[in-house]
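Quick notes on the structure that follows.
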Amino acid sequence: MIVVMNLGASVEDIQEVEEKITQFGYSVHRSTGKKRTILGAIGLPREEVKELLEGIPSVEKVVLVSSPYKLVSREFKKERTVFKVGDVEIGGDKIVLIAGPCAVERRSFLQAAEAVKKAGADILRGGAYKPRSSPYSFQGLEEEGLKIMAEARELTGLPLITEVLDQHSIEIVAKYVDIIQVGARNMQNFKLLKELGQLDKPVLLKRGMSATIEEWLMAAEYLLSSGNERVILCERGIRTFETYTRNTLDISAVPVAKELSHLPVFVDPSHGTGKWKWVPPMSLAAIAAGADGLLIEVHPFPEEALCDGSQSLVPQKFLQMIEPLKGVAQTVGRTL
Ligand code: PEP
Ligand code: MN
């Protein structure tokens with residue numbers, strides 16, 4: 001059972017409720033968020049205990065949630081989560097476009113930023129710390145890359161998203177960007193998730209390449225139970241026996257995650273397919289399936305890109321895909 005304390009609940013109020021929960025034979029897990037405290041009563045849910053706890057004035061509500069993820073679930077929160085990053089509304093009617101190069105590179109980033117802004121992107125992406133399969137591949141410009149990103153925000157007004165690889169770089173990354181990305185390889189880095197849960201910044205959580213939807217939602221639960229409610233789920237393709245595409249983009253994860261959770265669900269067709277020419281059709285499919293946003297890699301000279309050039313659209317191709325996307329958005333009752 002999940003016990004949601006009132007916004008103004010004092011330490012004494014919280015302790016009193018914890019004692020009551022223990023007396024009923026449950027163990028307690030306390031999550032102290034920026035705004036409110038949530039107590040998890042671990043044990044079999046009982047309707048009469050729910051009613052007794054709801055009678056305590058410092059308790060706002062008690063929710064009986066059957067799924068293993070609690071705060072992330074639709075059972076816990078019926079209405080969809082909508083929040084703003086700068087002027088951009090995430091999870092609302094308007095579909096959000098995140099675009100930019102895989103990695104920040106000195107020569108191309110500002111040009112890419114201006115091009116995606118012109119084409120209609122809402123948020124600018126770029127990696128300053130890159131999780132590469134090979135230690136000999138380009139690992140990112142680190143703080144220098146973050147500075148270039150900040151310059152691009154000045155130039156375009158677009159909010160920034162970048163990936164954080166480990167706990168040590170959270171502080172520096174949070175200083176420069178507006179949304180923190182947790183990559184597929186780090187989806188189950190629980191220590192990292194707990195720390196990001198305490199940060200006052202939205203987090204985009206990619207689905208691990210071999211994670212089930214339930215494992216993905218459990219990873220999101222780490223963020224919410226540590227106090228961060230501004231979480232975006234992002235499907236980016238999973239490993240299957242198919243090798244023709246880089247990953248198999250699981251479009252069905254979109255309606256499933258949206259049915260199970262109130263969190264916004266985005267799709268990354270660039271990593272999902274690994275090839276720029278399959279990005280437009282899979283973007284159309286993602287929007288048709290109900291995605292709240294897309295994350296797309298765009299690079300002005302993909303053949304020179306230090307990372308993921310083959311899946312990066314040139315700005316012209318990115319621009320060309322916007323009109324058809326608008327058509328599908330309208331068909332499913334959304335705007336873009
Ligand atoms: C990326 O967005 O550049 C990235 C590394 O993504 P993923 O974690 O999905 O592989
Ligand atoms: Mn990439």
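Letters for chains follow the order of the structure tokens (A, B, ...), residue numbers begin at 1 for each chain, and ligand numbers begin at 1 in the order shown.
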Residues of chain A that approach ligand 2 to 7 Å or less, counting only C-alpha atoms and all ligand atoms: could you list each one with the shortest pair of atoms and its distance in Å to one decimal, rows by chain and increasing residue number, as a Markdown table?
```
| residue | atom | partner | partner_atom_place_in_ligand_line | distance |
| --- | --- | --- | --- | --- |
| A:Cys102 | CA | ligand 2 | 1 (Mn) | 4.1 |
| A:Ala103 | CA | ligand 2 | 1 (Mn) | 6.9 |
| A:His271 | CA | ligand 2 | 1 (Mn) | 6.4 |
| A:Glu297 | CA | ligand 2 | 1 (Mn) | 6.9 |
| A:Cys307 | CA | ligand 2 | 1 (Mn) | 6.4 |
| A:Asp308 | CA | ligand 2 | 1 (Mn) | 5.2 |
```
Write a file of the just-selected residues containing C-alpha atoms, as an mmCIF file, in the first residue's frame.
```
data_model
loop_
_atom_site.group_PDB
_atom_site.id
_atom_site.type_symbol
_atom_site.label_atom_id
_atom_site.label_comp_id
_atom_site.auth_asym_id
_atom_site.auth_seq_id
_atom_site.Cartn_x
_atom_site.Cartn_y
_atom_site.Cartn_z
ATOM 1 C CA CYS A 102 24.566 12.133 -31.159
ATOM 2 C CA ALA A 103 27.738 13.714 -29.772
ATOM 3 C CA HIS A 271 18.880 4.218 -32.132
ATOM 4 C CA GLU A 297 19.634 12.404 -34.245
ATOM 5 C CA CYS A 307 29.337 8.988 -33.368
ATOM 6 C CA ASP A 308 26.216 7.484 -34.993
#
```
Please find the residues contacting ligand 1 at a distance of at most 10 Å between atoms, with only C-alpha atoms and all ligand atoms counted, and report them as an mmCIF file with C-alpha atoms, in the first residue's frame.
```cif
data_model
loop_
_atom_site.group_PDB
_atom_site.id
_atom_site.type_symbol
_atom_site.label_atom_id
_atom_site.label_comp_id
_atom_site.auth_asym_id
_atom_site.auth_seq_id
_atom_site.Cartn_x
_atom_site.Cartn_y
_atom_site.Cartn_z
ATOM 1 C CA GLY A 100 20.431 17.205 -32.497
ATOM 2 C CA PRO A 101 23.671 15.293 -33.050
ATOM 3 C CA CYS A 102 24.566 12.133 -31.159
ATOM 4 C CA ALA A 103 27.738 13.714 -29.772
ATOM 5 C CA ARG A 125 20.110 17.105 -27.786
ATOM 6 C CA GLY A 126 23.824 16.341 -27.791
ATOM 7 C CA GLY A 127 26.125 13.974 -25.931
ATOM 8 C CA ALA A 128 29.087 15.338 -23.986
ATOM 9 C CA TYR A 129 29.770 12.040 -22.189
ATOM 10 C CA LYS A 130 29.314 9.158 -24.596
ATOM 11 C CA PRO A 131 28.785 5.526 -23.554
ATOM 12 C CA ARG A 132 30.744 3.816 -26.362
ATOM 13 C CA SER A 133 31.046 0.073 -26.870
ATOM 14 C CA ILE A 161 19.140 17.464 -22.938
ATOM 15 C CA THR A 162 22.283 15.408 -22.435
ATOM 16 C CA GLU A 163 23.224 12.025 -21.026
ATOM 17 C CA LEU A 165 26.998 8.437 -17.338
ATOM 18 C CA GLN A 181 19.153 11.567 -20.085
ATOM 19 C CA VAL A 182 19.779 8.123 -18.622
ATOM 20 C CA GLY A 183 20.957 5.898 -21.451
ATOM 21 C CA ALA A 184 19.880 2.352 -22.243
ATOM 22 C CA ARG A 185 23.098 0.965 -20.754
ATOM 23 C CA ASN A 186 22.449 2.680 -17.433
ATOM 24 C CA MET A 187 18.733 1.945 -17.075
ATOM 25 C CA LEU A 205 14.873 7.326 -19.005
ATOM 26 C CA LYS A 206 15.719 5.178 -22.009
ATOM 27 C CA ARG A 207 14.565 1.569 -22.037
ATOM 28 C CA GLY A 208 17.457 -0.845 -21.569
ATOM 29 C CA MET A 209 18.260 -2.819 -24.702
ATOM 30 C CA CYS A 234 11.864 6.651 -23.933
ATOM 31 C CA GLU A 235 11.622 3.518 -26.082
ATOM 32 C CA ARG A 236 14.818 3.160 -28.164
ATOM 33 C CA GLY A 237 14.680 -0.361 -29.516
ATOM 34 C CA ILE A 238 15.528 -3.700 -27.974
ATOM 35 C CA ASN A 247 17.773 -2.690 -32.705
ATOM 36 C CA VAL A 267 10.353 7.192 -28.976
ATOM 37 C CA ASP A 268 13.903 7.301 -30.344
ATOM 38 C CA PRO A 269 13.738 5.908 -33.896
ATOM 39 C CA SER A 270 17.411 6.778 -34.564
ATOM 40 C CA HIS A 271 18.880 4.218 -32.132
ATOM 41 C CA GLY A 272 15.791 2.087 -32.738
ATOM 42 C CA LEU A 295 14.161 11.948 -30.003
ATOM 43 C CA ILE A 296 15.961 12.184 -33.333
ATOM 44 C CA GLU A 297 19.634 12.404 -34.245
ATOM 45 C CA CYS A 307 29.337 8.988 -33.368
ATOM 46 C CA ASP A 308 26.216 7.484 -34.993
#
```
- Task: Would you list, as number ranges by chain, the residues of segment 8-235 of chain A that end up in helix (DSSP H, G or I) under DSSP run on this structure's backbone?
- Result: A: 11-23, 47-54, 109-119, 143-156, 167-176, 184-186, 190-197, 213-225
- Task: Mind checking which residues fall within 10 Å of Gly157 of chain A, counting only C-alpha atoms, ignoring those fewer than 5 positions away in the same chain, and posting them as a list in words?
- Result: Gly86, Asp87, Ala113, Glu114, Lys117, Asp122, Ile123, Leu124, Ala150, Glu151 and Ala152 of chain A
Export N, CA, C and O atoms of the chosen residues as a PDB file, in the first residue's frame?
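Contents of again-v8.pdb, freshly written:
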```pdb
ATOM      1  N   GLY A  86      11.178  24.868 -19.451  1.00  0.00           N
ATOM      2  CA  GLY A  86      11.149  26.189 -20.085  1.00  0.00           C
ATOM      3  C   GLY A  86       9.731  26.420 -20.565  1.00  0.00           C
ATOM      4  O   GLY A  86       8.768  26.262 -19.804  1.00  0.00           O
ATOM      5  N   ASP A  87       9.578  26.725 -21.862  1.00  0.00           N
ATOM      6  CA  ASP A  87       8.236  26.941 -22.407  1.00  0.00           C
ATOM      7  C   ASP A  87       7.646  25.676 -23.022  1.00  0.00           C
ATOM      8  O   ASP A  87       6.545  25.691 -23.556  1.00  0.00           O
ATOM      9  N   ALA A 113      22.382  22.975 -34.209  1.00  0.00           N
ATOM     10  CA  ALA A 113      21.399  23.575 -33.296  1.00  0.00           C
ATOM     11  C   ALA A 113      20.506  24.553 -34.050  1.00  0.00           C
ATOM     12  O   ALA A 113      19.276  24.514 -33.922  1.00  0.00           O
ATOM     13  N   GLU A 114      21.124  25.396 -34.866  1.00  0.00           N
ATOM     14  CA  GLU A 114      20.330  26.386 -35.614  1.00  0.00           C
ATOM     15  C   GLU A 114      19.418  25.702 -36.624  1.00  0.00           C
ATOM     16  O   GLU A 114      18.266  26.100 -36.799  1.00  0.00           O
ATOM     17  N   LYS A 117      16.444  23.956 -34.865  1.00  0.00           N
ATOM     18  CA  LYS A 117      15.524  25.003 -34.372  1.00  0.00           C
ATOM     19  C   LYS A 117      14.649  25.495 -35.537  1.00  0.00           C
ATOM     20  O   LYS A 117      13.432  25.608 -35.425  1.00  0.00           O
ATOM     21  N   ASP A 122      11.834  21.312 -30.554  1.00  0.00           N
ATOM     22  CA  ASP A 122      11.505  22.001 -29.303  1.00  0.00           C
ATOM     23  C   ASP A 122      12.658  21.957 -28.312  1.00  0.00           C
ATOM     24  O   ASP A 122      12.781  22.816 -27.443  1.00  0.00           O
ATOM     25  N   ILE A 123      13.458  20.897 -28.388  1.00  0.00           N
ATOM     26  CA  ILE A 123      14.541  20.674 -27.420  1.00  0.00           C
ATOM     27  C   ILE A 123      15.771  20.211 -28.200  1.00  0.00           C
ATOM     28  O   ILE A 123      15.646  19.444 -29.164  1.00  0.00           O
ATOM     29  N   LEU A 124      16.937  20.662 -27.754  1.00  0.00           N
ATOM     30  CA  LEU A 124      18.189  20.320 -28.446  1.00  0.00           C
ATOM     31  C   LEU A 124      18.938  19.225 -27.690  1.00  0.00           C
ATOM     32  O   LEU A 124      19.148  19.341 -26.482  1.00  0.00           O
ATOM     33  N   ALA A 150      25.639  24.982 -23.971  1.00  0.00           N
ATOM     34  CA  ALA A 150      25.086  26.189 -23.335  1.00  0.00           C
ATOM     35  C   ALA A 150      25.106  27.361 -24.322  1.00  0.00           C
ATOM     36  O   ALA A 150      24.185  28.173 -24.374  1.00  0.00           O
ATOM     37  N   GLU A 151      26.163  27.400 -25.127  1.00  0.00           N
ATOM     38  CA  GLU A 151      26.261  28.446 -26.151  1.00  0.00           C
ATOM     39  C   GLU A 151      25.120  28.285 -27.175  1.00  0.00           C
ATOM     40  O   GLU A 151      24.504  29.271 -27.606  1.00  0.00           O
ATOM     41  N   ALA A 152      24.834  27.036 -27.524  1.00  0.00           N
ATOM     42  CA  ALA A 152      23.757  26.767 -28.486  1.00  0.00           C
ATOM     43  C   ALA A 152      22.404  27.159 -27.913  1.00  0.00           C
ATOM     44  O   ALA A 152      21.517  27.604 -28.643  1.00  0.00           O
TER      45      ALA A 152
END
```
- Task: Can you work out the spacing between atom CA of Ala305 of chain A and atom CA of His168 of chain A in Å, to one decimal?
- Result: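 Distance between the two atoms: 27.1 Å.
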- Find the spatial neighbours of Val85 of chain A, counting only C-alpha atoms, within a cut-off of 9 Å - ignore same-chain residues fewer than 3 positions away - and output them as a list in words.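 Neighbouring residues, sequence-local ones excluded: Val88, Glu89, Ile90, Pro159, Asp178, Ile179 and Pro202 of chain A.
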- Residue among A:Val96, A:Lys258, A:Ile170, A:Leu306 lying closest to Leu141 of chain A, counting only C-alpha atoms: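 Going through A:Val96, A:Lys258, A:Ile170, A:Leu306 one by one, the smallest distance to Leu141 of chain A is for A:Leu306.
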- Query: Taking into account only C-alpha atoms, which residue in the set A:Ile95, A:Glu143, A:Glu195, A:Gln311 is nearest to Lys326 of chain A?
  - Reply: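 The closest residue to Lys326 of chain A is A:Ile95.
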- Quick one: everything within 12 Å of Glu304 of chain A, counting only C-alpha atoms, minus sequence neighbours fewer than 5 positions away in the same chain. Send it as a list in words.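 Neighbouring residues, sequence-local ones excluded: Pro101, Ala103, Glu105, Arg107, Ser108, His299, Gly309, Ser310, Ser312 and Val314 of chain A.
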- Task: Rank nothing, just name the residue among A:Ile287, A:Leu52, A:Leu260, A:Leu294 nearest to Lys78 of chain A, using only C-alpha atoms.
- Result: A:Leu260
